[in-house]
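Undergrad: Just passing along the structure, written as C-alpha cells.
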Amino acid sequence: MSTRTRVAIIGAGPAGLLLSHLLDRQGIESIVIDSRSREEIETTIRAGILEQGTVEVLAETGASHRVRSAGQMHEGIELRFDGESHRIDFTATVGRAVWLYPQHEVLKDLVAARLAAGQDLRFHVTAERVEDAETDRPKVIATDFDGNRVIIEAEIVVGADGSRSVAREAVTGTYGGYFREYPFAWFGILCEAPPSAEELIYSNAPDGFALISQRSPEVQRMYFQCDPNTDTEAYSDAQLWDILRSRVPGRTLKEGPISKRDVLRFRSFVAHEMRRGRVVIVGDAAHTVPPTGAKGMNLAVADVVLLSEALRAFLLQADESLFNAFPETARKRIWKAQHFSWWMTNMLHVQPGADDFDRMRQIGELRTVVESESGRAYLAEAYTGWPLNGMEHNVRQ
C-alpha cells in the first residue's frame with residue numbers, strides 16, 4: 001500500500017499531533033502514524049506541567065478546549081530544604097504561570113480534534129525506517145496491524161516518534177548525539193488521595209530529593225530519589241509512605257492506596273543533527289531532559305511551533321530560509337532547557353558519595369536562589385517558559 005502526502009509524521013504523541021493540527025490550519029495535509037492503539041495513547045499516564053506558552057498554543061489554536069477549564073493554574077512552586085518552605089511566586093515575579101494538565105489529557109484533546117477535522121491518523125502502523133532523506137520525495141516504510149507493508153511518500157518526513165525514534169537514524173546516521181546519564185532515578189507512585197498541597201513541592205532532604213505532585217483532585221503523583229536499579233517491589237506501601245514523609249519533614253502528606261509504582265531513570269540527550277535533507281526530528285526523538293525542570297513536553301511543543309512556521313514558508317511560499325534555520329534556532333532553546341533541567345536536578349538531589357561540604361554548599365545554593373530577587377526571577381522565568389518563536393503567526397492563523 002503506497003500513499004502520497006505533503007508531510008508524513010511518525011508518532012501520535014503531543015509533538016506529532018500538534019504539528020498536524022498547526023499544518024492543517026495552514027491548509028497543509030499530513031498523515032500521522034503510530035504503532036500504538038488509540039486507547040494506549042490516551043490512557044498512558046504521564047506528567048503534565050504545561051508552560052504558559054504551551055497552554056496558549058493549545059487553547060488559542062483550538063487544539064484543546066479543556067486545557068484552561070480542566071487544567072489547574074499554578075502560580076508558583078514550593079522549594080523545601082533545611083526544614084523550611086520557600087514559595088517561588090511566578091506571577092508576582094515574572095507575570096506568568098504554569099498549568100497542571102496531564103499529558104494523556106492533552107493527547108485525548110488532540111486525537112479528538114484531529115479525527116473531527118478528518119485527519120488521516122493511523123493507529124497500529126509501525127514505522128520501520130525512513131528512506132531517500134536527501135531527495136524531494138522521502139519515504140516512510142512501515143507495517144500495519146495485519147503485517148502489510150505501508151509506504152508513505154511525502155515532501156517532508158517528521159520524526160516525532162519518541163526517544164527510540166526510527167526517524168533519528170535517517171537524520172543523524174551513526175553520529176548520535178550528546179548524552180548524559182545521571183547516577184540516580186525517581187521512584188514514582190500514583191495514589192488515590194486528595195492533594196497534599198495546592199502547588200508542587202520540590203524538597204531537598206538529607207536522604208535525597210522528593211517531589212509532591214498532583215494528577216487530579218482524586219489521584220496524586222509523588223516521587224523520591226532512588227538508585228536507578230531499585231526494584232519497584234522492594235518496598236511495602238507502608239515503607240514507601242515512610243520514605244516520602246522523611247523527605248518532606250514538617251509537611252503532612254495526604255495518603256491513600258497506591259495504584260502504580262515505577263522507576264524513572266534520568267537521562268539527557270540532544271541529537272547532533274535535527275534535520276537531514278527533507279527529514280526532521282522533533283520532541284523526544286531529538287532531545288530528552290531530566291523531569292526536574294518540567295521541560296519535556298513543553299520543548300516538543302516549542303519545536304513544533306517553530307517547525308510549522310518553517311514548513312508553511314517552505315511548502316506554500318517556496319521560502320527555504322526558516323526550514324534551513326530550524327535546527328540552529330531550535331537548539332538555542334533546547335540547550336537553555338537542558339541547562340535549567342541540569343541545574344534544578346543538581347541543586348535538589350543528593351549526589352552519591354556527597355559529604356558534609358557538598359551538603360552545606362547545596363543548602364547555600366538554595367538559599368542564594370530563594371533569598372535573591374534575581375535568583376527567584378531566573379527560576380520563575382525558566383520554569384514558566386521562554387517566548388515561543390513562531391507562536392504569534394500560529395495563533396493568528
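The chains in the C-alpha cells are called A, B, ... from first to last as shown; in each chain the residues are counted from 1, and the ligands are counted from 1 in the order shown.
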Please tabulate, as a Markdown table, the residues of region 359-390 of chain A that come within 12 Å of region 76-83 of chain A, each with its closest pair of atoms and the distance in Å to one decimal, counting only C-alpha atoms and ordering rows by chain, then residue number upward.

TA:
```
| residue | atom | partner | partner_atom | distance |
| --- | --- | --- | --- | --- |
| A:Arg359 | CA | A:Asp82 | CA | 10.4 |
| A:Met360 | CA | A:Asp82 | CA | 9.9 |
| A:Gln362 | CA | A:Phe81 | CA | 9.8 |
| A:Ile363 | CA | A:Phe81 | CA | 7.3 |
| A:Gly364 | CA | A:Asp82 | CA | 10.4 |
| A:Glu365 | CA | A:Phe81 | CA | 11.0 |
| A:Leu366 | CA | A:Phe81 | CA | 7.9 |
| A:Arg367 | CA | A:Phe81 | CA | 9.0 |
| A:Val369 | CA | A:Leu79 | CA | 10.0 |
| A:Val370 | CA | A:Leu79 | CA | 8.3 |
| A:Glu371 | CA | A:Leu79 | CA | 11.8 |
| A:Arg376 | CA | A:Gly76 | CA | 10.6 |
| A:Ala377 | CA | A:Gly76 | CA | 11.5 |
| A:Leu379 | CA | A:Ile77 | CA | 10.2 |
| A:Ala380 | CA | A:Gly76 | CA | 7.9 |
| A:Glu381 | CA | A:Gly76 | CA | 11.1 |
| A:Tyr383 | CA | A:Gly76 | CA | 9.4 |
| A:Thr384 | CA | A:Gly76 | CA | 9.2 |
```

Undergrad: When DSSP works through the backbone of this structure, what residues of region 13-123 of chain A end up as helix (DSSP H, G or I), shown as number ranges by chain?

TA: A: 14-25, 38-43, 52-60, 67-70, 90-94, 103-116

Undergrad: Could those selected residues go to a file with C-alpha atoms, as a compact mmCIF listing (two decimals), in the first residue's frame?

TA:
```txt
# COMPACT_ATOMS: atom_id res chain seq x y z
CA PRO A 14 1.96 15.67 21.59
CA ALA A 15 4.55 16.76 19.00
CA GLY A 16 3.17 14.80 16.06
CA LEU A 17 -0.50 15.55 16.70
CA LEU A 18 0.05 19.24 17.39
CA LEU A 19 2.15 19.58 14.25
CA SER A 20 -0.61 18.01 12.14
CA HIS A 21 -3.08 20.40 13.75
CA LEU A 22 -1.00 23.51 13.04
CA LEU A 23 -0.28 22.39 9.47
CA ASP A 24 -3.98 21.75 8.83
CA ARG A 25 -4.78 25.31 9.95
CA ARG A 38 -5.72 4.97 20.39
CA GLU A 39 -6.56 3.57 23.83
CA GLU A 40 -2.90 3.16 24.76
CA ILE A 41 -2.09 6.70 23.64
CA GLU A 42 -4.94 8.19 25.64
CA THR A 43 -4.56 6.18 28.84
CA GLN A 52 2.11 29.30 29.78
CA GLY A 53 3.15 29.41 26.12
CA THR A 54 2.15 25.76 25.66
CA VAL A 55 -1.27 26.45 27.14
CA GLU A 56 -1.74 29.47 24.89
CA VAL A 57 -0.88 27.46 21.77
CA LEU A 58 -3.25 24.61 22.69
CA ALA A 59 -6.13 26.88 23.68
CA GLU A 60 -5.86 29.64 21.10
CA VAL A 67 -6.75 22.83 28.97
CA ARG A 68 -7.85 26.03 30.71
CA SER A 69 -11.16 24.78 32.08
CA ALA A 70 -10.00 21.38 33.33
CA PHE A 90 5.75 33.05 39.45
CA THR A 91 3.04 35.62 38.78
CA ALA A 92 4.49 38.18 41.20
CA THR A 93 7.99 37.64 39.85
CA VAL A 94 7.58 37.31 36.07
CA GLN A 103 -0.12 14.63 29.07
CA HIS A 104 -2.71 11.92 28.44
CA GLU A 105 -5.43 14.58 28.73
CA VAL A 106 -3.60 16.70 26.16
CA LEU A 107 -3.48 13.66 23.89
CA LYS A 108 -7.20 12.98 24.31
CA ASP A 109 -7.89 16.54 23.19
CA LEU A 110 -5.50 16.37 20.24
CA VAL A 111 -6.72 12.98 19.00
CA ALA A 112 -10.35 14.11 19.18
CA ALA A 113 -9.60 17.39 17.41
CA ARG A 114 -7.64 15.73 14.64
CA LEU A 115 -10.20 12.99 13.98
CA ALA A 116 -13.01 15.55 13.98
```

Undergrad: Measure the distance from CA of Thr135 (chain A) to CA of Pro327 (chain A) in Å and round it to one decimal.

TA: 18.6 Å

Undergrad: Which distance in Å separates CA of Ala325 (chain A) and CA of Leu299 (chain A), to one decimal?

TA: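 CA of Ala325 (chain A) sits 17.3 Å away from CA of Leu299 (chain A).
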
Undergrad: Go through A:Ala63, A:Ala154, A:Val125, A:Ile49 and flag the residue nearest Ser30 (chain A), using only C-alpha atoms for the distances.

TA: A:Ala154

Undergrad: Residues of region 91-335 of chain A in strand (DSSP E) according to DSSP, as a count of residues only?

TA: 83

Undergrad: Got a sec: who's within 8 Å of region 275-279 of chain A, counting only C-alpha atoms, leaving out chain neighbours fewer than 6 positions off, as a PDB file with N, CA and C atoms, in the first residue's frame?

TA:
```
ATOM      1  N   ALA A 133      16.126  10.435   2.308  1.00  0.00           N
ATOM      2  CA  ALA A 133      16.030  11.687   3.066  1.00  0.00           C
ATOM      3  C   ALA A 133      16.481  12.896   2.258  1.00  0.00           C
ATOM      4  N   GLU A 134      17.471  12.710   1.397  1.00  0.00           N
ATOM      5  CA  GLU A 134      18.034  13.864   0.694  1.00  0.00           C
ATOM      6  C   GLU A 134      17.448  14.049  -0.700  1.00  0.00           C
ATOM      7  N   THR A 135      16.312  13.435  -0.956  1.00  0.00           N
ATOM      8  CA  THR A 135      15.593  13.661  -2.211  1.00  0.00           C
ATOM      9  C   THR A 135      14.370  14.529  -1.921  1.00  0.00           C
ATOM     10  N   ASP A 136      13.630  14.886  -2.964  1.00  0.00           N
ATOM     11  CA  ASP A 136      12.416  15.682  -2.748  1.00  0.00           C
ATOM     12  C   ASP A 136      11.203  14.792  -2.477  1.00  0.00           C
ATOM     13  N   PRO A 138      11.080  11.905   0.209  1.00  0.00           N
ATOM     14  CA  PRO A 138      11.445  10.916   1.227  1.00  0.00           C
ATOM     15  C   PRO A 138      10.285   9.967   1.491  1.00  0.00           C
ATOM     16  N   GLU A 155       6.611  15.107   0.859  1.00  0.00           N
ATOM     17  CA  GLU A 155       7.578  16.164   0.586  1.00  0.00           C
ATOM     18  C   GLU A 155       8.484  16.380   1.796  1.00  0.00           C
ATOM     19  N   ILE A 156       7.937  16.128   2.986  1.00  0.00           N
ATOM     20  CA  ILE A 156       8.675  16.255   4.240  1.00  0.00           C
ATOM     21  C   ILE A 156       8.299  15.078   5.136  1.00  0.00           C
ATOM     22  N   VAL A 157       9.283  14.492   5.815  1.00  0.00           N
ATOM     23  CA  VAL A 157       9.027  13.478   6.843  1.00  0.00           C
ATOM     24  C   VAL A 157       9.474  14.052   8.181  1.00  0.00           C
ATOM     25  N   VAL A 158       8.593  13.938   9.174  1.00  0.00           N
ATOM     26  CA  VAL A 158       8.901  14.426  10.516  1.00  0.00           C
ATOM     27  C   VAL A 158       8.876  13.251  11.489  1.00  0.00           C
ATOM     28  N   GLY A 159       9.987  13.040  12.176  1.00  0.00           N
ATOM     29  CA  GLY A 159      10.046  12.019  13.205  1.00  0.00           C
ATOM     30  C   GLY A 159       9.695  12.626  14.546  1.00  0.00           C
ATOM     31  N   ALA A 167      13.085   7.541  12.911  1.00  0.00           N
ATOM     32  CA  ALA A 167      13.498   8.605  12.003  1.00  0.00           C
ATOM     33  C   ALA A 167      14.868   9.168  12.361  1.00  0.00           C
ATOM     34  N   ALA A 170      17.846   8.155  10.260  1.00  0.00           N
ATOM     35  CA  ALA A 170      17.914   8.746   8.922  1.00  0.00           C
ATOM     36  C   ALA A 170      18.502  10.152   8.975  1.00  0.00           C
ATOM     37  N   VAL A 171      18.406  10.800  10.127  1.00  0.00           N
ATOM     38  CA  VAL A 171      18.907  12.174  10.271  1.00  0.00           C
ATOM     39  C   VAL A 171      20.336  12.193  10.785  1.00  0.00           C
ATOM     40  N   THR A 172      20.601  11.441  11.833  1.00  0.00           N
ATOM     41  CA  THR A 172      21.908  11.525  12.489  1.00  0.00           C
ATOM     42  C   THR A 172      22.898  10.468  12.023  1.00  0.00           C
ATOM     43  N   PRO A 327      17.029  23.890  12.644  1.00  0.00           N
ATOM     44  CA  PRO A 327      17.814  23.174  13.665  1.00  0.00           C
ATOM     45  C   PRO A 327      18.554  24.112  14.604  1.00  0.00           C
TER      46      PRO A 327
END
```

Undergrad: Could you check which of A:Val263, A:Ala197, A:Ile243, A:Met297 is closest to Pro228 (chain A), using only C-alpha atoms?

TA: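 Counting only C-alpha atoms, the residue closest to Pro228 (chain A) is A:Val263.
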
Undergrad: To one decimal place, how far is CA of Ile151 (chain A) from CA of Ile28 (chain A) in Å?

TA: 19.6 Å

Undergrad: Show me, as a PyMOL selection string, the residues that have an atom within 6 Å of region 246-258 of chain A when counting only C-alpha atoms, minus same-chain residues fewer than 2 positions from it.

TA: chain A and resi 190-193+196+205+210+243-244+260

Undergrad: Write out as a VMD selection string which residues come within 8 Å of Thr288 (chain A) when counting only C-alpha atoms, dropping same-chain ones fewer than 2 positions away.

TA: chain A and resid 163 267 to 270 283 to 286 290 296

Undergrad: Just write the chosen residues, all heavy atoms, as a PDB file, in the first residue's frame.

TA:
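out.pdb written:
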```
ATOM      1  N   SER A 163      11.914   8.753  22.137  1.00  0.00           N
ATOM      2  CA  SER A 163      13.341   8.570  22.386  1.00  0.00           C
ATOM      3  C   SER A 163      13.925   7.351  21.677  1.00  0.00           C
ATOM      4  O   SER A 163      15.149   7.230  21.585  1.00  0.00           O
ATOM      5  CB  SER A 163      13.596   8.472  23.894  1.00  0.00           C
ATOM      6  OG  SER A 163      12.866   7.398  24.459  1.00  0.00           O
ATOM      7  N   ARG A 267      18.055  10.862  32.190  1.00  0.00           N
ATOM      8  CA  ARG A 267      18.979  10.956  31.059  1.00  0.00           C
ATOM      9  C   ARG A 267      18.781  12.280  30.339  1.00  0.00           C
ATOM     10  O   ARG A 267      17.652  12.784  30.247  1.00  0.00           O
ATOM     11  CB  ARG A 267      18.759   9.808  30.068  1.00  0.00           C
ATOM     12  CG  ARG A 267      19.035   8.421  30.642  1.00  0.00           C
ATOM     13  CD  ARG A 267      18.873   7.363  29.568  1.00  0.00           C
ATOM     14  NE  ARG A 267      19.244   6.030  30.027  1.00  0.00           N
ATOM     15  CZ  ARG A 267      18.380   5.110  30.435  1.00  0.00           C
ATOM     16  NH1 ARG A 267      17.082   5.397  30.446  1.00  0.00           N
ATOM     17  NH2 ARG A 267      18.789   3.921  30.827  1.00  0.00           N
ATOM     18  N   SER A 268      19.862  12.818  29.835  1.00  0.00           N
ATOM     19  CA  SER A 268      19.813  13.980  28.945  1.00  0.00           C
ATOM     20  C   SER A 268      20.375  13.563  27.595  1.00  0.00           C
ATOM     21  O   SER A 268      21.383  12.847  27.530  1.00  0.00           O
ATOM     22  CB  SER A 268      20.644  15.138  29.509  1.00  0.00           C
ATOM     23  OG  SER A 268      20.064  15.681  30.660  1.00  0.00           O
ATOM     24  N   PHE A 269      19.731  14.038  26.524  1.00  0.00           N
ATOM     25  CA  PHE A 269      20.193  13.711  25.173  1.00  0.00           C
ATOM     26  C   PHE A 269      19.840  14.869  24.247  1.00  0.00           C
ATOM     27  O   PHE A 269      18.748  15.431  24.331  1.00  0.00           O
ATOM     28  CB  PHE A 269      19.534  12.428  24.663  1.00  0.00           C
ATOM     29  CG  PHE A 269      19.813  12.135  23.206  1.00  0.00           C
ATOM     30  CD1 PHE A 269      21.020  11.555  22.832  1.00  0.00           C
ATOM     31  CD2 PHE A 269      18.898  12.460  22.224  1.00  0.00           C
ATOM     32  CE1 PHE A 269      21.303  11.299  21.499  1.00  0.00           C
ATOM     33  CE2 PHE A 269      19.163  12.209  20.885  1.00  0.00           C
ATOM     34  CZ  PHE A 269      20.368  11.623  20.517  1.00  0.00           C
ATOM     35  N   VAL A 270      20.768  15.214  23.387  1.00  0.00           N
ATOM     36  CA  VAL A 270      20.499  16.168  22.302  1.00  0.00           C
ATOM     37  C   VAL A 270      21.153  15.607  21.045  1.00  0.00           C
ATOM     38  O   VAL A 270      22.377  15.377  21.010  1.00  0.00           O
ATOM     39  CB  VAL A 270      21.055  17.576  22.593  1.00  0.00           C
ATOM     40  CG1 VAL A 270      20.754  18.513  21.420  1.00  0.00           C
ATOM     41  CG2 VAL A 270      20.462  18.144  23.876  1.00  0.00           C
ATOM     42  N   GLY A 283      10.864  16.889  19.330  1.00  0.00           N
ATOM     43  CA  GLY A 283      10.458  16.289  20.597  1.00  0.00           C
ATOM     44  C   GLY A 283      11.490  15.313  21.104  1.00  0.00           C
ATOM     45  O   GLY A 283      12.699  15.494  20.925  1.00  0.00           O
ATOM     46  N   ASP A 284      11.021  14.253  21.770  1.00  0.00           N
ATOM     47  CA  ASP A 284      11.936  13.278  22.373  1.00  0.00           C
ATOM     48  C   ASP A 284      12.796  12.549  21.343  1.00  0.00           C
ATOM     49  O   ASP A 284      13.821  11.959  21.702  1.00  0.00           O
ATOM     50  CB  ASP A 284      11.146  12.246  23.187  1.00  0.00           C
ATOM     51  CG  ASP A 284      10.676  12.801  24.525  1.00  0.00           C
ATOM     52  OD1 ASP A 284      10.995  13.961  24.826  1.00  0.00           O
ATOM     53  OD2 ASP A 284       9.987  12.065  25.258  1.00  0.00           O
ATOM     54  N   ALA A 285      12.411  12.560  20.090  1.00  0.00           N
ATOM     55  CA  ALA A 285      13.267  11.981  19.059  1.00  0.00           C
ATOM     56  C   ALA A 285      14.557  12.769  18.913  1.00  0.00           C
ATOM     57  O   ALA A 285      15.595  12.221  18.541  1.00  0.00           O
ATOM     58  CB  ALA A 285      12.530  11.934  17.726  1.00  0.00           C
ATOM     59  N   ALA A 286      14.502  14.065  19.228  1.00  0.00           N
ATOM     60  CA  ALA A 286      15.656  14.943  19.076  1.00  0.00           C
ATOM     61  C   ALA A 286      16.351  15.267  20.385  1.00  0.00           C
ATOM     62  O   ALA A 286      17.531  15.615  20.394  1.00  0.00           O
ATOM     63  CB  ALA A 286      15.235  16.247  18.400  1.00  0.00           C
ATOM     64  N   PRO A 290      16.032  15.572  32.016  1.00  0.00           N
ATOM     65  CA  PRO A 290      15.521  15.072  33.288  1.00  0.00           C
ATOM     66  C   PRO A 290      14.195  15.757  33.605  1.00  0.00           C
ATOM     67  O   PRO A 290      13.972  16.902  33.203  1.00  0.00           O
ATOM     68  CB  PRO A 290      16.602  15.490  34.297  1.00  0.00           C
ATOM     69  CG  PRO A 290      17.803  15.821  33.489  1.00  0.00           C
ATOM     70  CD  PRO A 290      17.312  16.270  32.158  1.00  0.00           C
ATOM     71  N   GLY A 296       9.989  18.486  29.297  1.00  0.00           N
ATOM     72  CA  GLY A 296       9.885  17.518  28.212  1.00  0.00           C
ATOM     73  C   GLY A 296       8.847  17.855  27.155  1.00  0.00           C
ATOM     74  O   GLY A 296       9.170  18.127  25.995  1.00  0.00           O
TER      75      GLY A 296
END
```

Undergrad: Neighbours of region 222-224 of chain A within 6 Å (only C-alpha atoms; same-chain residues fewer than 6 positions away dropped), as an mmCIF file with all heavy atoms, in the first residue's frame?

TA:
```cif
data_model
loop_
_atom_site.group_PDB
_atom_site.id
_atom_site.type_symbol
_atom_site.label_atom_id
_atom_site.label_comp_id
_atom_site.auth_asym_id
_atom_site.auth_seq_id
_atom_site.Cartn_x
_atom_site.Cartn_y
_atom_site.Cartn_z
ATOM 1 N N TRP A 186 14.064 8.454 39.889
ATOM 2 C CA TRP A 186 12.891 8.736 40.723
ATOM 3 C C TRP A 186 12.077 7.462 40.896
ATOM 4 O O TRP A 186 11.776 6.770 39.911
ATOM 5 C CB TRP A 186 11.997 9.789 40.079
ATOM 6 C CG TRP A 186 12.437 11.203 40.289
ATOM 7 C CD1 TRP A 186 13.512 11.651 40.999
ATOM 8 C CD2 TRP A 186 11.789 12.367 39.759
ATOM 9 N NE1 TRP A 186 13.581 13.014 40.955
ATOM 10 C CE2 TRP A 186 12.532 13.483 40.206
ATOM 11 C CE3 TRP A 186 10.665 12.558 38.962
ATOM 12 C CZ2 TRP A 186 12.180 14.788 39.866
ATOM 13 C CZ3 TRP A 186 10.304 13.861 38.627
ATOM 14 C CH2 TRP A 186 11.058 14.966 39.074
ATOM 15 N N PHE A 187 11.732 7.157 42.131
ATOM 16 C CA PHE A 187 10.744 6.123 42.421
ATOM 17 C C PHE A 187 9.406 6.852 42.489
ATOM 18 O O PHE A 187 9.201 7.698 43.354
ATOM 19 C CB PHE A 187 11.052 5.442 43.754
ATOM 20 C CG PHE A 187 10.286 4.163 43.975
ATOM 21 C CD1 PHE A 187 10.960 2.948 44.008
ATOM 22 C CD2 PHE A 187 8.907 4.161 44.137
ATOM 23 C CE1 PHE A 187 10.259 1.759 44.205
ATOM 24 C CE2 PHE A 187 8.206 2.983 44.325
ATOM 25 C CZ PHE A 187 8.890 1.773 44.357
ATOM 26 N N GLY A 188 8.522 6.526 41.562
ATOM 27 C CA GLY A 188 7.244 7.232 41.491
ATOM 28 C C GLY A 188 6.077 6.369 41.910
ATOM 29 O O GLY A 188 6.067 5.160 41.671
ATOM 30 N N ILE A 189 5.106 6.985 42.551
ATOM 31 C CA ILE A 189 3.868 6.288 42.897
ATOM 32 C C ILE A 189 2.673 7.108 42.421
ATOM 33 O O ILE A 189 2.730 8.346 42.348
ATOM 34 C CB ILE A 189 3.734 6.029 44.411
ATOM 35 C CG1 ILE A 189 3.581 7.356 45.181
ATOM 36 C CG2 ILE A 189 4.897 5.222 44.933
ATOM 37 C CD1 ILE A 189 3.071 7.193 46.607
ATOM 38 N N PHE A 209 16.074 13.716 47.374
ATOM 39 C CA PHE A 209 15.015 14.592 46.866
ATOM 40 C C PHE A 209 13.645 13.915 46.931
ATOM 41 O O PHE A 209 13.527 12.692 46.875
ATOM 42 C CB PHE A 209 15.341 14.937 45.413
ATOM 43 C CG PHE A 209 14.254 15.648 44.665
ATOM 44 C CD1 PHE A 209 14.018 16.996 44.868
ATOM 45 C CD2 PHE A 209 13.461 14.959 43.755
ATOM 46 C CE1 PHE A 209 13.019 17.653 44.169
ATOM 47 C CE2 PHE A 209 12.464 15.604 43.045
ATOM 48 C CZ PHE A 209 12.240 16.959 43.258
ATOM 49 N N ALA A 210 12.587 14.738 46.993
ATOM 50 C CA ALA A 210 11.211 14.266 46.809
ATOM 51 C C ALA A 210 10.416 15.343 46.089
ATOM 52 O O ALA A 210 10.669 16.542 46.272
ATOM 53 C CB ALA A 210 10.561 13.930 48.143
ATOM 54 N N LEU A 211 9.487 14.902 45.270
ATOM 55 C CA LEU A 211 8.553 15.806 44.596
ATOM 56 C C LEU A 211 7.137 15.380 44.948
ATOM 57 O O LEU A 211 6.747 14.242 44.692
ATOM 58 C CB LEU A 211 8.743 15.757 43.076
ATOM 59 C CG LEU A 211 7.711 16.522 42.233
ATOM 60 C CD1 LEU A 211 7.725 18.006 42.563
ATOM 61 C CD2 LEU A 211 7.956 16.311 40.737
ATOM 62 N N ILE A 212 6.389 16.291 45.532
ATOM 63 C CA ILE A 212 4.983 16.048 45.849
ATOM 64 C C ILE A 212 4.171 16.752 44.774
ATOM 65 O O ILE A 212 4.074 17.974 44.741
ATOM 66 C CB ILE A 212 4.621 16.573 47.254
ATOM 67 C CG1 ILE A 212 5.611 16.027 48.296
ATOM 68 C CG2 ILE A 212 3.201 16.192 47.607
ATOM 69 C CD1 ILE A 212 5.747 14.524 48.323
ATOM 70 N N SER A 213 3.620 15.955 43.870
ATOM 71 C CA SER A 213 2.934 16.475 42.697
ATOM 72 C C SER A 213 1.481 16.039 42.716
ATOM 73 O O SER A 213 1.002 15.458 43.687
ATOM 74 C CB SER A 213 3.642 15.982 41.432
ATOM 75 O OG SER A 213 3.058 16.515 40.277
#
```

Undergrad: Set the distance at 8 Å and use only C-alpha atoms: which residues neighbour Thr292 (chain A) once local chain neighbours fewer than 5 positions away are removed? I'd like the list as a PDB file with C-alpha atoms, in the first residue's frame.

TA:
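What follows is the written file part-v3.pdb:
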```
ATOM      1  CA  SER A 341      16.902  20.901  33.943  1.00  0.00           C
ATOM      2  CA  MET A 344      17.389  22.076  39.067  1.00  0.00           C
ATOM      3  CA  THR A 345      18.403  18.411  39.204  1.00  0.00           C
TER       4      THR A 345
END
```

Undergrad: For each of A:Ala271, A:Val7, A:Ala337, A:Leu348, take the minimum atom-to-atom distance to Tyr202 (chain A), counting only C-alpha atoms, then give the residue where this is smallest.

TA: A:Leu348
